[in-house]
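S.K.: The structure under discussion is supplied below as structure tokens; questions concerning it will follow.
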Amino acid sequence: MEVQDWVESSIRAFFCLTGITGNFWLGLRSLPKSRSQLRTGDILFLNLAVSNLITNCLVDLPDTLTQFVNGWFMSKNYCGVLQFSSEVSETCSIFSTMFISMYWHQKLVGSLRRGGAPVQMDNLRLVGVLLAASWSVALMFSIPHFFITEHNGNESLEVCEERFPTYAEKRTFDGLYLILANAVPIVGITYASVQIVLVLLQSQKRVMDHSKGATKSRVVNNSTDPQQKTQGRPNPSSGNQVRAAKSVVAVATIFIICWFSHLVLRIYSSFRNSILAVKLTNFMGATYTCFVPYVYLHGVKKLNCSCC
């Protein structure tokens with residue numbers, strides 16, 4: 001292979017290995033020790049890890065091996081598997097990110113404003129219904145790829161093409177997928193992230209005002225009333241909630257940047273077959289699945305080797 005091919009293969013291999021390691025670790029650290037310790041956050045992180053691992057193992061890994069193993073990985077038989085895995089993984093990952101953003105927004109508000117009171121998404125049955133619905137939507141848009149995807153016949157291009165019976169059906173399919181599996185989750189992620197930022201800013205302002213008020217009170221009255229000392233003291237778990245919420249905002253920022261670039265490239269490649277557009281689309285998807293698990297692990301203080 002030429003130097004350019006080796007560089008491209010090395011980058012692919014790095015993203016693939018890092019993504020598999022990070023998502024496997026996120027899933028492993030999210031497994032509860034017992035059924036009684038099952039929590040919404042762990043379920044959502046585990047679902048995200050499984051969704052991303054589908055991309056890592058069935059899309060990124062074959063894409064990495066393409067430079068070394070020509071044939072079955074880019075054959076007509078595998079094109080359907082490749083497109084199906086990519087779509088179902090991408091859709092479930094998007095919905096998982098939305099649910100995680102919504103959940104940690106609720107937990108942050110519950111911790112800072114209601115003293116750590118239970119939130120709506122602490123209901124495991126509700127979360128199970130939401131995840132089942134997201135997988136149903138993902139399968140609905142992914143299964144058709146087994147019937148409309150095929151290799152373009154030119155082994156030098158290494159591109160899987162989608163051939164709809166009519167152009168109108170293609171427009172309808174793409175439009176529904178864009179609205180239900182992209183636009184709706186993006187609105188949810190953006191809204192939850194903005195609300196998290198607003199809650200954090202309001203909380204910081206209240207803490208600063210309380211500190212100034214407490215300082216003035218001590219100077220004027222030199223109060224020793226225990227009740228006054230403890231008034232306004234935040235819930236002990238609020239620090240962990242804030243840390244996790246900040247990681248959610250960081251992930252949402254990465255996601256929106258990657259998603260926007262991915263969407264533009266997807267739209268472009270739907271009008272014109274381009275090897276570069278396909279490779280860049282895969283690169284943006286690999287970027288998200290590669291770095292996101294480490295951000296979440298850092299946010300919930302599980303980025304270590306301790307399983308205790």
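Residues in the structure tokens are named by chain (A, B, ... in the order shown) and by number from 1 within that chain; ligands are numbered from 1 in the order shown.
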Considering only C-alpha atoms, give me a table of residues in region 55-142 of chain A that are at most 12 Å from region 194-203 of chain A, with the closest atom pair and distance in Å for each, as JSON lines.

M.R.:
{"residue": "A:Ile100", "atom": "CA", "partner": "A:Ile196", "partner_atom": "CA", "distance": 12.0}
{"residue": "A:Ser101", "atom": "CA", "partner": "A:Ile196", "partner_atom": "CA", "distance": 8.6}
{"residue": "A:Met102", "atom": "CA", "partner": "A:Ile196", "partner_atom": "CA", "distance": 9.2}
{"residue": "A:Tyr103", "atom": "CA", "partner": "A:Ile196", "partner_atom": "CA", "distance": 10.6}
{"residue": "A:Trp104", "atom": "CA", "partner": "A:Ile196", "partner_atom": "CA", "distance": 8.2}
{"residue": "A:His105", "atom": "CA", "partner": "A:Ile196", "partner_atom": "CA", "distance": 5.5}
{"residue": "A:Gln106", "atom": "CA", "partner": "A:Ile196", "partner_atom": "CA", "distance": 8.8}
{"residue": "A:Lys107", "atom": "CA", "partner": "A:Ile196", "partner_atom": "CA", "distance": 10.0}
{"residue": "A:Leu108", "atom": "CA", "partner": "A:Ile196", "partner_atom": "CA", "distance": 7.5}
{"residue": "A:Val109", "atom": "CA", "partner": "A:Val199", "partner_atom": "CA", "distance": 7.1}
{"residue": "A:Gly110", "atom": "CA", "partner": "A:Val199", "partner_atom": "CA", "distance": 10.8}
{"residue": "A:Ser111", "atom": "CA", "partner": "A:Ser203", "partner_atom": "CA", "distance": 10.8}
{"residue": "A:Leu112", "atom": "CA", "partner": "A:Ser203", "partner_atom": "CA", "distance": 7.3}
{"residue": "A:Arg113", "atom": "CA", "partner": "A:Ser203", "partner_atom": "CA", "distance": 8.8}

S.K.: Suppose we keep N, CA, C and O atoms; can you now write the selection as a PDB file, in the first residue's frame?

M.R.:
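What follows is the written file selection.pdb:
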ATOM      1  N   ILE A 100     -30.478  10.180  27.653  1.00  0.00           N
ATOM      2  CA  ILE A 100     -29.492  10.503  28.678  1.00  0.00           C
ATOM      3  C   ILE A 100     -29.531  11.993  29.009  1.00  0.00           C
ATOM      4  O   ILE A 100     -29.465  12.387  30.186  1.00  0.00           O
ATOM      5  N   SER A 101     -29.642  12.834  27.993  1.00  0.00           N
ATOM      6  CA  SER A 101     -29.723  14.288  28.212  1.00  0.00           C
ATOM      7  C   SER A 101     -30.961  14.645  29.023  1.00  0.00           C
ATOM      8  O   SER A 101     -30.891  15.443  29.973  1.00  0.00           O
ATOM      9  N   MET A 102     -32.098  14.062  28.660  1.00  0.00           N
ATOM     10  CA  MET A 102     -33.339  14.334  29.382  1.00  0.00           C
ATOM     11  C   MET A 102     -33.255  13.857  30.833  1.00  0.00           C
ATOM     12  O   MET A 102     -33.690  14.546  31.765  1.00  0.00           O
ATOM     13  N   TYR A 103     -32.684  12.667  31.023  1.00  0.00           N
ATOM     14  CA  TYR A 103     -32.605  12.093  32.364  1.00  0.00           C
ATOM     15  C   TYR A 103     -31.734  12.939  33.286  1.00  0.00           C
ATOM     16  O   TYR A 103     -32.130  13.257  34.415  1.00  0.00           O
ATOM     17  N   TRP A 104     -30.561  13.326  32.814  1.00  0.00           N
ATOM     18  CA  TRP A 104     -29.666  14.080  33.682  1.00  0.00           C
ATOM     19  C   TRP A 104     -30.134  15.507  33.890  1.00  0.00           C
ATOM     20  O   TRP A 104     -29.785  16.137  34.894  1.00  0.00           O
ATOM     21  N   HIS A 105     -30.924  16.028  32.964  1.00  0.00           N
ATOM     22  CA  HIS A 105     -31.558  17.324  33.222  1.00  0.00           C
ATOM     23  C   HIS A 105     -32.541  17.195  34.376  1.00  0.00           C
ATOM     24  O   HIS A 105     -32.566  18.033  35.300  1.00  0.00           O
ATOM     25  N   GLN A 106     -33.344  16.140  34.356  1.00  0.00           N
ATOM     26  CA  GLN A 106     -34.289  15.917  35.447  1.00  0.00           C
ATOM     27  C   GLN A 106     -33.566  15.686  36.772  1.00  0.00           C
ATOM     28  O   GLN A 106     -33.979  16.210  37.816  1.00  0.00           O
ATOM     29  N   LYS A 107     -32.488  14.900  36.753  1.00  0.00           N
ATOM     30  CA  LYS A 107     -31.750  14.623  37.983  1.00  0.00           C
ATOM     31  C   LYS A 107     -31.102  15.889  38.531  1.00  0.00           C
ATOM     32  O   LYS A 107     -31.062  16.093  39.753  1.00  0.00           O
ATOM     33  N   LEU A 108     -30.595  16.717  37.641  1.00  0.00           N
ATOM     34  CA  LEU A 108     -29.966  17.963  38.082  1.00  0.00           C
ATOM     35  C   LEU A 108     -30.986  18.877  38.737  1.00  0.00           C
ATOM     36  O   LEU A 108     -30.736  19.447  39.810  1.00  0.00           O
ATOM     37  N   VAL A 109     -32.148  19.039  38.104  1.00  0.00           N
ATOM     38  CA  VAL A 109     -33.207  19.873  38.673  1.00  0.00           C
ATOM     39  C   VAL A 109     -33.682  19.281  39.995  1.00  0.00           C
ATOM     40  O   VAL A 109     -33.883  19.997  40.985  1.00  0.00           O
ATOM     41  N   GLY A 110     -33.848  17.960  40.036  1.00  0.00           N
ATOM     42  CA  GLY A 110     -34.298  17.307  41.259  1.00  0.00           C
ATOM     43  C   GLY A 110     -33.312  17.465  42.389  1.00  0.00           C
ATOM     44  O   GLY A 110     -33.695  17.572  43.561  1.00  0.00           O
ATOM     45  N   SER A 111     -32.011  17.484  42.073  1.00  0.00           N
ATOM     46  CA  SER A 111     -30.998  17.589  43.102  1.00  0.00           C
ATOM     47  C   SER A 111     -30.845  19.012  43.616  1.00  0.00           C
ATOM     48  O   SER A 111     -30.744  19.246  44.819  1.00  0.00           O
ATOM     49  N   LEU A 112     -30.833  19.979  42.705  1.00  0.00           N
ATOM     50  CA  LEU A 112     -30.569  21.356  43.093  1.00  0.00           C
ATOM     51  C   LEU A 112     -31.805  22.097  43.581  1.00  0.00           C
ATOM     52  O   LEU A 112     -31.708  22.989  44.419  1.00  0.00           O
ATOM     53  N   ARG A 113     -32.967  21.728  43.065  1.00  0.00           N
ATOM     54  CA  ARG A 113     -34.174  22.469  43.404  1.00  0.00           C
ATOM     55  C   ARG A 113     -35.113  21.730  44.346  1.00  0.00           C
ATOM     56  O   ARG A 113     -35.885  22.366  45.056  1.00  0.00           O
TER      57      ARG A 113
END

S.K.: Among region 118-216 of chain A, which residues does DSSP mark as strand (DSSP E or B) when it is run on the backbone? Keep the chain and numbering as in the structure and answer as a list in words.

M.R.: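 Listing strand (DSSP E or B) positions across region 118-216 of chain A yields Thr149, Glu150, His151, Cys160, Glu161 and Glu162 of chain A.
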
S.K.: Find the spatial neighbours of region 170-173 of chain A, counting only C-alpha atoms, within a cut-off of 12 Å - ignore same-chain residues fewer than 2 positions away - and output them as a list in words.

M.R.: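 These residues fall inside the cut-off: Met140, Phe141, Ser142, Pro144, His145, Ile148, Glu162, Arg163, Phe164, Pro165, Thr166, Tyr167, Ala168, Gly175, Leu176, Tyr177, Leu178, Ile179, Leu180, Ala181, Ile267, Ser270 and Phe271 of chain A.
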
S.K.: Rank nothing, just name the residue among A:Trp135, A:Phe95, A:Phe15, A:Trp25 nearest to Tyr288 (chain A), using only C-alpha atoms.

M.R.: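 So, comparing all the options, the nearest one is A:Phe15.
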
S.K.: Which of these, A:Lys302, A:His262, A:Arg39, A:His210, has the shortest distance to Thr287 (chain A) once you count only C-alpha atoms?

M.R.: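 Smallest distance to Thr287 (chain A) is found for A:His262.
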
S.K.: Could you check the closest approach to Glu8 (chain A) for each of A:Cys92, A:Leu65, A:Ala250, A:Leu58 and tell me which residue wins, using only C-alpha atoms?

M.R.: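 Counting only C-alpha atoms, the residue closest to Glu8 (chain A) is A:Leu65.
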
S.K.: Interatomic distance between CA of Ser96 (chain A) and CA of Lys246 (chain A)?

M.R.: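 Straight-line distance from CA of Ser96 (chain A) to CA of Lys246 (chain A) works out to 17.0 Å.
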
S.K.: Using DSSP secondary structure from the backbone, list all alpha helix (DSSP H) positions within region 12-114 of chain A, as a ChimeraX atom specification.

M.R.: /A:12-30,40-55,61-65,76-113

S.K.: Taking 4 positions as the minimum chain separation for residues in the same chain, which residues sit within 10 Å of Phe84 (chain A) when counting only C-alpha atoms? Answer as a PDB file with N, CA, C and O atoms, in the first residue's frame.

M.R.:
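Result went into part_25.pdb, see below:
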ATOM      1  N   LEU A  58     -19.390  -3.949  13.494  1.00  0.00           N
ATOM      2  CA  LEU A  58     -19.968  -4.382  12.223  1.00  0.00           C
ATOM      3  C   LEU A  58     -19.837  -3.358  11.099  1.00  0.00           C
ATOM      4  O   LEU A  58     -20.143  -3.666   9.944  1.00  0.00           O
ATOM      5  N   VAL A  59     -19.398  -2.142  11.438  1.00  0.00           N
ATOM      6  CA  VAL A  59     -19.215  -1.112  10.410  1.00  0.00           C
ATOM      7  C   VAL A  59     -17.766  -0.640  10.370  1.00  0.00           C
ATOM      8  O   VAL A  59     -17.100  -0.711   9.340  1.00  0.00           O
ATOM      9  N   TYR A  78     -22.516  -8.478   1.819  1.00  0.00           N
ATOM     10  CA  TYR A  78     -22.277  -7.755   3.057  1.00  0.00           C
ATOM     11  C   TYR A  78     -22.828  -6.331   3.037  1.00  0.00           C
ATOM     12  O   TYR A  78     -23.011  -5.727   4.098  1.00  0.00           O
ATOM     13  N   CYS A  79     -23.127  -5.792   1.866  1.00  0.00           N
ATOM     14  CA  CYS A  79     -23.621  -4.416   1.784  1.00  0.00           C
ATOM     15  C   CYS A  79     -24.892  -4.229   2.613  1.00  0.00           C
ATOM     16  O   CYS A  79     -25.062  -3.231   3.311  1.00  0.00           O
ATOM     17  N   GLY A  80     -25.806  -5.200   2.523  1.00  0.00           N
ATOM     18  CA  GLY A  80     -27.044  -5.099   3.296  1.00  0.00           C
ATOM     19  C   GLY A  80     -26.779  -5.117   4.792  1.00  0.00           C
ATOM     20  O   GLY A  80     -27.372  -4.341   5.552  1.00  0.00           O
ATOM     21  N   VAL A  88     -29.274   1.034  12.197  1.00  0.00           N
ATOM     22  CA  VAL A  88     -29.860   0.683  13.485  1.00  0.00           C
ATOM     23  C   VAL A  88     -28.996   1.202  14.627  1.00  0.00           C
ATOM     24  O   VAL A  88     -29.496   1.675  15.653  1.00  0.00           O
ATOM     25  N   SER A  89     -27.676   1.142  14.459  1.00  0.00           N
ATOM     26  CA  SER A  89     -26.772   1.637  15.492  1.00  0.00           C
ATOM     27  C   SER A  89     -26.848   3.155  15.618  1.00  0.00           C
ATOM     28  O   SER A  89     -26.934   3.697  16.728  1.00  0.00           O
ATOM     29  N   GLU A  90     -26.830   3.840  14.481  1.00  0.00           N
ATOM     30  CA  GLU A  90     -26.883   5.303  14.490  1.00  0.00           C
ATOM     31  C   GLU A  90     -28.178   5.797  15.116  1.00  0.00           C
ATOM     32  O   GLU A  90     -28.174   6.713  15.956  1.00  0.00           O
ATOM     33  N   ALA A 138     -35.742   2.274  15.029  1.00  0.00           N
ATOM     34  CA  ALA A 138     -34.473   1.959  14.366  1.00  0.00           C
ATOM     35  C   ALA A 138     -34.614   0.768  13.424  1.00  0.00           C
ATOM     36  O   ALA A 138     -34.115   0.787  12.290  1.00  0.00           O
ATOM     37  N   LEU A 139     -35.283  -0.277  13.877  1.00  0.00           N
ATOM     38  CA  LEU A 139     -35.483  -1.458  13.038  1.00  0.00           C
ATOM     39  C   LEU A 139     -36.373  -1.147  11.837  1.00  0.00           C
ATOM     40  O   LEU A 139     -36.157  -1.670  10.737  1.00  0.00           O
ATOM     41  N   PHE A 141     -36.549   1.547  10.141  1.00  0.00           N
ATOM     42  CA  PHE A 141     -35.796   2.228   9.092  1.00  0.00           C
ATOM     43  C   PHE A 141     -34.580   1.435   8.619  1.00  0.00           C
ATOM     44  O   PHE A 141     -33.995   1.773   7.593  1.00  0.00           O
ATOM     45  N   SER A 142     -34.185   0.409   9.350  1.00  0.00           N
ATOM     46  CA  SER A 142     -32.970  -0.330   9.009  1.00  0.00           C
ATOM     47  C   SER A 142     -33.224  -1.596   8.196  1.00  0.00           C
ATOM     48  O   SER A 142     -32.439  -1.926   7.303  1.00  0.00           O
ATOM     49  N   ILE A 143     -34.300  -2.311   8.498  1.00  0.00           N
ATOM     50  CA  ILE A 143     -34.587  -3.565   7.804  1.00  0.00           C
ATOM     51  C   ILE A 143     -34.706  -3.401   6.286  1.00  0.00           C
ATOM     52  O   ILE A 143     -34.207  -4.250   5.525  1.00  0.00           O
ATOM     53  N   PRO A 144     -35.334  -2.316   5.774  1.00  0.00           N
ATOM     54  CA  PRO A 144     -35.424  -2.166   4.310  1.00  0.00           C
ATOM     55  C   PRO A 144     -34.089  -2.156   3.593  1.00  0.00           C
ATOM     56  O   PRO A 144     -34.026  -2.443   2.393  1.00  0.00           O
ATOM     57  N   HIS A 145     -32.992  -1.858   4.299  1.00  0.00           N
ATOM     58  CA  HIS A 145     -31.685  -1.803   3.644  1.00  0.00           C
ATOM     59  C   HIS A 145     -31.236  -3.169   3.147  1.00  0.00           C
ATOM     60  O   HIS A 145     -30.408  -3.260   2.237  1.00  0.00           O
ATOM     61  N   PHE A 146     -31.768  -4.242   3.722  1.00  0.00           N
ATOM     62  CA  PHE A 146     -31.437  -5.573   3.216  1.00  0.00           C
ATOM     63  C   PHE A 146     -31.963  -5.777   1.796  1.00  0.00           C
ATOM     64  O   PHE A 146     -31.438  -6.591   1.035  1.00  0.00           O
ATOM     65  N   THR A 149     -30.167  -2.336  -0.824  1.00  0.00           N
ATOM     66  CA  THR A 149     -28.741  -2.037  -0.865  1.00  0.00           C
ATOM     67  C   THR A 149     -27.994  -3.102  -1.651  1.00  0.00           C
ATOM     68  O   THR A 149     -28.244  -4.290  -1.515  1.00  0.00           O
TER      69      THR A 149
END

S.K.: Would you mind telling me which residue in A:Pro118, A:Gly299, A:Gly239, A:Pro293 lies nearest to Ser51 (chain A) when using only C-alpha atoms?

M.R.: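 Smallest distance to Ser51 (chain A) is found for A:Pro293.
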
S.K.: In terms of the shortest atom-to-atom distance over only C-alpha atoms, which of A:Cys290, A:Met98, A:Lys212, A:Asp122 is closest to Ile256 (chain A)?

M.R.: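 Among the listed residues, A:Met98 lies closest to Ile256 (chain A).
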
S.K.: What is the distance between CA of Met284 (chain A) and CA of Cys258 (chain A), in Å to one decimal?

M.R.: 5.6 Å

S.K.: Would you mind telling me which residue in A:Phe291, A:Gly285, A:Met208, A:Val300 lies nearest to Val242 (chain A) when using only C-alpha atoms?

M.R.: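 Of the candidates, the smallest distance to Val242 (chain A) is held by A:Val300.
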
S.K.: Mind pulling up the distance from CA of Arg12 (chain A) to CA of Ala286 (chain A)?

M.R.: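 Taking CA of Ala286 (chain A) as the start and CA of Arg12 (chain A) as the end point, the length is 8.5 Å.
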